[in-house]
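One structure is given here, and the rest of the page talks about it.
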There are 2 protein chains.
Amino acid sequence: MERLSERQKLILGLIVQEYVEHAQPVGSKHLVDQFGLDVSSATVRNEMLELTESGFLRQPFTSAGRVPTEEGFRFFVGELMHRQELPASTKHTISHQFYQARHEVQQWMRLAASVLAAQSKAASLITTPKSQQARFKHLELILTAGRQVLMVLVLESGQVIQQMLVLKEAFSQEKLSASASQLTDHLRGATISTLTTPPAETGTLAEEIFKLIKGEFQALEQGLGGEVYHDGWTNVLAEPEFSDADAAQRALRVLEERPLLDTLLTQTMTGAEIGGVQVLIGGEGRWEELNDFSLVVARYGAPEAASGYVGVLGPIRMSYGRAVSAVDYVAGLLSEMVTESLNTHD
Amino acid sequence: MERLSERQKLILGLIVQEYVEHAQPVGSKHLVDQFGLDVSSATVRNEMLELTESGFLRQPFTSAGRVPTEEGFRFFVGELMHRQELPASTKHTISHQFYQARHEVQQWMRLAASVLAAQSKAASLITTPKSQQARFKHLELILTAGRQVLMVLVLESGQVIQQMLVLKEAFSQEKLSASASQLTDHLRGATISTLTTPPAETGTLAEEIFKLIKGEFQALEQGLGGEVYHDGWTNVLAEPEFSDADAAQRALRVLEERPLLDTLLTQTMTGAEIGGVQVLIGGEGRWEELNDFSLVVARYGAPEAASGYVGVLGPIRMSYGRAVSAVDYVAGLLSEMVTESLNTHD
DNA sequence: TTTAGCACTCTCAACCTTAGAGTGCTAAAA
DNA sequence: TTTTAGCACTCTAAGGTTGAGAGTGCTAAA
């Protein structure tokens with residue numbers, strides 16, 4: 001891939017900008033008129049020809065204007081784009097809302113989905129924070145009936161896991177509470193790796209519960225079972241690229257086929273730091289569900305504790321500047337929320 | 001509205017059946033050929049003319065076949081439809097899956113959404129069970145830092161509410177546990193109406209917590225804060241009536257605009273018993289979001305305890321026989337789950 | 001290296017035409 | 001009285017044609 005001249009970069013950038021706004025091929029004359037370039041349309045045409053040969057632009061048909069290719073968008077995002085920060089007043093309002101919702105994870109999630117959809121004008125996707133490194137904090141056992149017990153497991157991340165158990169034999173509430181408090185003392189701060197030695201002799205109630213907790217931790221480790229919050233699909237269906245029913249279906253498949261979303265996220269985010277925003281443009285040839293679409297994702301959370309993904313799905317000609325900063329900002333807020341709830345639970 | 005002859009009912013029924021299957025206007029000749037009627041197409045035409053005049057059928061244009069009107073579908077659902085029960089083997093598989101998911105409300109919900117979408121071939125919508133009449137069961141207070149405390153509130157419905165509190169002054173974990181167990185004893189089985197007398201002298205920790213619990217119950221009473229699980233939008237986007245982007249948008253609005261869904265549900269279901277399936281066809285003139293769409297809803301849960309809504313959204317020409325029995329069956333299963341979790345928690 | 005000029009290509013919208021489906025009506029048949 | 005055959009009529013959907021216009025690539029001059 002040859003090096004682009006400054007003028008070529010300028011023209012590519014303007015074409016992306018115009019195309020993002022109007023969803024229509026951009027012609028050389030239009031470009032000169034619109035931006036008052038001090039070269040003629042013929043010159044622009046020559047540059048466009050080169051950009052086309054380099055693979056950054058293409059013509060939908062012989063005599064239409066140019067449209068950026070996936071490659072073109074990728075170059076734009078990588079080198080040309082400048083972030084469009086949210087206005088300070090908007091940020092202020094948003095963070096205030098988050099502050100008010102600080103007690104309820106559900107509420108952050110909904111709020112984050114809604115804010116992100118509104119700011120990026122695309123569809124937002126957010127996974128619940130999941131303890132990569134679940135740390136034990138507290139255990140309660142509540143007798144329900146006979147051998148049935150409700151186990152409430154509190155993690156340091158603030159996550160509460162409830163699980164109905166059927167024990168091998170019946171115990172009184174006193175016995176259960178005693179075991180729970182014994183285990184709470186013994187396991188405080190334990191992670192999956194330090195969760196190897198049972199706290200008591202084999203065959204006891206405590207050992208039985210211990211095994212169940214361990215199972216729960218293992219399931220958590222695999223990242224199974226999180227919810228996906230989302231919003232803004234109506235935004236995105238208004239875009240012309242979704243007027244094709246098939247396109248809309250492909251996009252929604254990302255939401256409804258959980259394994260697809262999981263591989264999409266893990267493969268896109270391998271190697272990315274928490275806080276780093278990744279942009280997946282047009283499926284990169286590997287994900288045909290994302291043809292014509294792009295995904296802007298970040299990971300949020302507290303390293304080594306709990307983290308989730310937050311992202312935006314929109315047409316390939318989405319406003320990346322806005323999407324990236326919106327995702328980044330929301331990811332930052334969510335990270336704060338997670339960290340805060342982590343600290344206050346210590 | 002005049003009375004329909006048996007033959008008119010037959011013809012209306014067949015037209016609905018054909019239209020549901022092929023999404024295209026049904027002509028008189030086609031009807032005779034397809035079903036081997038022992039009258040001529042001319043006779044059928046005469047009947048169709050009357051049905052059109054009565055408002056049950058309409059012609060999209062002068063010389064197309066007939067399409068059922070909303071009124072026609074309503075008559076069909078009310079008087080002609082016979083339910084298409086799920087095969088016993090399918091039911092068996094489904095109830096087995098529910099049994100395995102019985103411990104986790106999240107999992108029922110996901111499972112129910114997925115099953116319902118698959119069986120009805122439409123989009124499913126399920127609200128989490130909400131305690132109409134929240135009954136107190138158990139309280140835990142877990143010290144986190146300083147004056148910050150995690151309150152875990154368990155309801156008899158099995159619902160667990162977690163809430164971070166900041167107390168007016170700091171207490172030890174022992175003190176908190178004592179208060180929690182005191183309140184648990186005092187409030188066992190209490191509902192919002194019996195939640196009037198504080199358990200202790202004013203100014204104590206217990207009284208402070210009591211007020212918070214009361215606030216929590218009041219929020220619950222208003223039915224605020226439930227999640228909506230859903231699935232099968234990709235099914236429904238494949239239907240021709242959704243190929244129009246605007247139509248797809250209108251349908252998704254039902255999912256994303258929470259107040260819309262709430263009024264839709266409450267207004268449709270007023271007066272309906274738990275277990276009764278309601279069918280809202282084409283918005284009935286009141287809901288323009290539902291033009292061309294129908295909603296099949298039931299309420300599930302345990303009366304006087306916790307209940308939610310389960311329903312299906314599809315094109316107006318959906319297979320009502322299948323949708324109604326699928327919704328009914330899933331509502332029944334969910335009711336069992338709720339009831340069971342209610343009993344085991346007593 | 002840039003630009004004016006120009007022939008060329010291709011789409012899109014508008015218009016026309018035609019085939020065919022399905023009707024409603026009429027008058028005869030049952 | 002009800003049913004049916006026959007038929008003229010209406011309207012759509014699909015296919016084809018046309019012209020305007022947009023935007024190009026090339027050439028040759030600046």
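Each chain in the structure tokens gets a letter, A, B and so on, in the order shown; residues start at 1 in every chain, and ligands are counted from 1 in the order they appear.
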
Go through chain D and flag each residue having an atom no more than 12 Å from stretch 1-8 of chain C; for those, report the closest pair of atoms plus their distance in Å to one decimal, using only C-alpha atoms (C1' of nucleotides), ordered by chain and rising number, as a Markdown table.
```
| residue | atom | partner | partner_atom | distance |
| --- | --- | --- | --- | --- |
| D:DG23 | C1' | C:DC8 | C1' | 10.6 |
| D:DT24 | C1' | C:DC8 | C1' | 8.4 |
| D:DG25 | C1' | C:DC8 | C1' | 8.9 |
| D:DC26 | C1' | C:DC6 | C1' | 9.2 |
| D:DT27 | C1' | C:DG5 | C1' | 9.1 |
| D:DA28 | C1' | C:DG5 | C1' | 9.4 |
| D:DA29 | C1' | C:DA4 | C1' | 8.5 |
| D:DA30 | C1' | C:DT3 | C1' | 7.5 |
```

Those in stretch 37-277 of chain B with strand (DSSP E or B) from DSSP, as a VMD selection string: chain B and resid 57 to 58 66 to 68 123 to 127 130 to 131 136 to 145 148 to 155 160 to 166 228 to 231 277

Those same residues - C-alpha atoms - I'd like them written as a PDB file, in the first residue's frame.
```
ATOM      1  CA  LEU B  57     -62.546  -8.728   3.589  1.00  0.00           C
ATOM      2  CA  ARG B  58     -61.077  -6.116   1.350  1.00  0.00           C
ATOM      3  CA  ARG B  66     -59.332 -10.672  -1.157  1.00  0.00           C
ATOM      4  CA  VAL B  67     -57.394 -10.050   2.035  1.00  0.00           C
ATOM      5  CA  PRO B  68     -58.941 -10.282   5.514  1.00  0.00           C
ATOM      6  CA  ALA B 123     -40.952 -12.017  18.205  1.00  0.00           C
ATOM      7  CA  SER B 124     -41.432 -12.834  21.872  1.00  0.00           C
ATOM      8  CA  LEU B 125     -41.646 -10.344  24.713  1.00  0.00           C
ATOM      9  CA  ILE B 126     -41.541 -11.315  28.370  1.00  0.00           C
ATOM     10  CA  THR B 127     -41.459  -9.071  31.407  1.00  0.00           C
ATOM     11  CA  LYS B 130     -43.068  -8.357  39.430  1.00  0.00           C
ATOM     12  CA  SER B 131     -44.469  -8.591  42.905  1.00  0.00           C
ATOM     13  CA  PHE B 136     -41.192  -9.699  52.885  1.00  0.00           C
ATOM     14  CA  LYS B 137     -39.178 -12.808  53.572  1.00  0.00           C
ATOM     15  CA  HIS B 138     -35.660 -12.130  54.681  1.00  0.00           C
ATOM     16  CA  LEU B 139     -33.211  -9.301  55.191  1.00  0.00           C
ATOM     17  CA  GLU B 140     -29.432  -9.229  55.284  1.00  0.00           C
ATOM     18  CA  LEU B 141     -27.214  -6.257  56.013  1.00  0.00           C
ATOM     19  CA  ILE B 142     -23.617  -6.550  54.957  1.00  0.00           C
ATOM     20  CA  LEU B 143     -21.129  -3.971  56.097  1.00  0.00           C
ATOM     21  CA  THR B 144     -18.969  -2.691  53.298  1.00  0.00           C
ATOM     22  CA  ALA B 145     -17.086   0.386  54.415  1.00  0.00           C
ATOM     23  CA  GLN B 148     -21.977   2.041  53.701  1.00  0.00           C
ATOM     24  CA  VAL B 149     -24.021  -1.110  53.865  1.00  0.00           C
ATOM     25  CA  LEU B 150     -25.295  -3.550  51.263  1.00  0.00           C
ATOM     26  CA  MET B 151     -28.911  -4.401  51.921  1.00  0.00           C
ATOM     27  CA  VAL B 152     -30.090  -7.699  50.477  1.00  0.00           C
ATOM     28  CA  LEU B 153     -33.836  -7.996  50.583  1.00  0.00           C
ATOM     29  CA  VAL B 154     -35.400 -11.370  49.779  1.00  0.00           C
ATOM     30  CA  LEU B 155     -39.095 -11.492  48.893  1.00  0.00           C
ATOM     31  CA  VAL B 160     -33.724 -10.621  45.571  1.00  0.00           C
ATOM     32  CA  ILE B 161     -33.261  -6.887  45.755  1.00  0.00           C
ATOM     33  CA  GLN B 162     -29.852  -5.469  46.483  1.00  0.00           C
ATOM     34  CA  GLN B 163     -29.386  -1.888  47.434  1.00  0.00           C
ATOM     35  CA  MET B 164     -26.411   0.095  48.680  1.00  0.00           C
ATOM     36  CA  LEU B 165     -27.176   2.239  51.679  1.00  0.00           C
ATOM     37  CA  VAL B 166     -25.333   4.998  53.424  1.00  0.00           C
ATOM     38  CA  VAL B 228     -37.996  -7.142  29.182  1.00  0.00           C
ATOM     39  CA  TYR B 229     -36.623 -10.320  27.681  1.00  0.00           C
ATOM     40  CA  HIS B 230     -37.202 -10.879  24.024  1.00  0.00           C
ATOM     41  CA  ASP B 231     -36.165 -13.010  21.111  1.00  0.00           C
ATOM     42  CA  VAL B 277     -54.681 -15.038  26.408  1.00  0.00           C
TER      43      VAL B 277
END
```

Distance-based interface of chain A with chain C, 12 Å, counting only C-alpha atoms (C1' of nucleotides), as a VMD selection string: chain A and resid 38 to 47 59 to 65

Selection near stretch 254-271 of chain A, 10 Å with only C-alpha atoms (C1' of nucleotides), sequence-local residues under 2 positions removed, as a PyMOL selection string: (chain A and resi 125+223-224+227-230+249-252+273-274+276-280+283+286-287+289-290+295-299+309-311+313) or (chain B and resi 114+230-234)

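Residue nearest chain B, chosen from A:Phe56, A:Phe76, A:Phe98, A:Phe242 and counting only C-alpha atoms: A:Phe242.
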
10 Å contact set for B:Glu21, only C-alpha atoms (C1' of nucleotides), chain neighbours under 6 positions out, as a VMD selection string: chain B and resid 15 317 to 319

Any chance you could export the current selection's C-alpha atoms as an mmCIF file, in the first residue's frame?
```cif
data_model
loop_
_atom_site.group_PDB
_atom_site.id
_atom_site.type_symbol
_atom_site.label_atom_id
_atom_site.label_comp_id
_atom_site.auth_asym_id
_atom_site.auth_seq_id
_atom_site.Cartn_x
_atom_site.Cartn_y
_atom_site.Cartn_z
ATOM 1 C CA ILE B 15 -59.121 -17.117 3.143
ATOM 2 C CA ARG B 317 -51.344 -12.346 9.337
ATOM 3 C CA MET B 318 -49.582 -14.430 11.927
ATOM 4 C CA SER B 319 -50.704 -17.950 12.740
#
```

Which of stretch 106-270 of chain A DSSP labels alpha helix (DSSP H), written as a ChimeraX atom specification: /A:106-120,173-187,205-221,233-237,245-256,258-269

Kindly provide the residues of chain D that approach chain B to within 12 Å, each paired with its closest atom pair and their distance in Å to one decimal, based on only C-alpha atoms (C1' of nucleotides), listed by chain and increasing number, as a Markdown table.
```
| residue | atom | partner | partner_atom | distance |
| --- | --- | --- | --- | --- |
| D:DT2 | C1' | B:Thr43 | CA | 9.3 |
| D:DT3 | C1' | B:Thr43 | CA | 6.7 |
| D:DT4 | C1' | B:Ser40 | CA | 6.8 |
| D:DA5 | C1' | B:Ala42 | CA | 8.8 |
| D:DG6 | C1' | B:Ala42 | CA | 10.8 |
| D:DC9 | C1' | B:Ser63 | CA | 9.8 |
| D:DT10 | C1' | B:Thr62 | CA | 6.4 |
| D:DC11 | C1' | B:Ser63 | CA | 5.7 |
| D:DT12 | C1' | B:Phe61 | CA | 8.2 |
| D:DA13 | C1' | B:Ala64 | CA | 11.6 |
```

Take the residues from that selection and write them out as a tab-separated table (two decimals), in the first residue's frame, keeping C-alpha atoms (C1' of nucleotides).
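Saved as selection-v9.tsv:
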```
chain	number	residue	atom	x	y	z
D	2	DT	C1'	-79.84	-20.39	-5.81
D	3	DT	C1'	-76.09	-21.63	-8.60
D	4	DT	C1'	-73.29	-21.39	-12.57
D	5	DA	C1'	-71.12	-20.29	-17.09
D	6	DG	C1'	-69.64	-16.67	-19.76
D	9	DC	C1'	-63.86	-4.88	-17.61
D	10	DT	C1'	-60.26	-3.14	-14.45
D	11	DC	C1'	-56.11	-2.90	-12.51
D	12	DT	C1'	-51.28	-4.42	-11.37
D	13	DA	C1'	-46.83	-6.03	-12.17
```

Residue neighbourhood A:Ala190, 9 Å, only C-alpha atoms (C1' of nucleotides), exclusion window fewer than 2 positions, as a list in words: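 With the cut-off at 9 Å, the set is Ala134, Arg135, Phe136, Lys137, His186, Leu187, Arg188, Ile192, Ser193, Thr194 and Leu195 of chain A.
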
Output N, CA and C atoms for every residue in the selection just made, as a PDB file, in the first residue's frame.
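Saved file result-v2.pdb follows:
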```pdb
ATOM      1  N   ALA A 134     -13.321 -13.602  39.835  1.00  0.00           N
ATOM      2  CA  ALA A 134     -14.324 -13.452  40.881  1.00  0.00           C
ATOM      3  C   ALA A 134     -13.650 -13.570  42.245  1.00  0.00           C
ATOM      4  N   ARG A 135     -13.956 -12.639  43.123  1.00  0.00           N
ATOM      5  CA  ARG A 135     -13.417 -12.688  44.482  1.00  0.00           C
ATOM      6  C   ARG A 135     -14.568 -12.848  45.459  1.00  0.00           C
ATOM      7  N   PHE A 136     -14.456 -13.855  46.271  1.00  0.00           N
ATOM      8  CA  PHE A 136     -15.486 -14.150  47.252  1.00  0.00           C
ATOM      9  C   PHE A 136     -15.563 -13.041  48.297  1.00  0.00           C
ATOM     10  N   LYS A 137     -16.788 -12.696  48.698  1.00  0.00           N
ATOM     11  CA  LYS A 137     -16.911 -11.715  49.757  1.00  0.00           C
ATOM     12  C   LYS A 137     -17.779 -12.202  50.904  1.00  0.00           C
ATOM     13  N   HIS A 186     -13.580 -18.139  56.116  1.00  0.00           N
ATOM     14  CA  HIS A 186     -12.522 -18.938  55.502  1.00  0.00           C
ATOM     15  C   HIS A 186     -12.199 -18.512  54.071  1.00  0.00           C
ATOM     16  N   LEU A 187     -13.227 -18.054  53.365  1.00  0.00           N
ATOM     17  CA  LEU A 187     -13.044 -17.810  51.926  1.00  0.00           C
ATOM     18  C   LEU A 187     -12.896 -16.343  51.565  1.00  0.00           C
ATOM     19  N   ARG A 188     -12.934 -15.472  52.554  1.00  0.00           N
ATOM     20  CA  ARG A 188     -12.900 -14.034  52.255  1.00  0.00           C
ATOM     21  C   ARG A 188     -11.760 -13.696  51.300  1.00  0.00           C
ATOM     22  N   ILE A 192     -10.744 -18.002  42.173  1.00  0.00           N
ATOM     23  CA  ILE A 192     -10.893 -19.386  41.730  1.00  0.00           C
ATOM     24  C   ILE A 192      -9.632 -20.197  41.984  1.00  0.00           C
ATOM     25  N   SER A 193      -8.464 -19.527  41.906  1.00  0.00           N
ATOM     26  CA  SER A 193      -7.219 -20.276  42.051  1.00  0.00           C
ATOM     27  C   SER A 193      -6.930 -20.630  43.511  1.00  0.00           C
ATOM     28  N   THR A 194      -7.399 -19.795  44.427  1.00  0.00           N
ATOM     29  CA  THR A 194      -7.155 -20.110  45.839  1.00  0.00           C
ATOM     30  C   THR A 194      -8.319 -20.903  46.417  1.00  0.00           C
ATOM     31  N   LEU A 195      -9.203 -21.338  45.530  1.00  0.00           N
ATOM     32  CA  LEU A 195     -10.413 -22.008  45.989  1.00  0.00           C
ATOM     33  C   LEU A 195     -10.225 -23.520  45.893  1.00  0.00           C
TER      34      LEU A 195
END
```
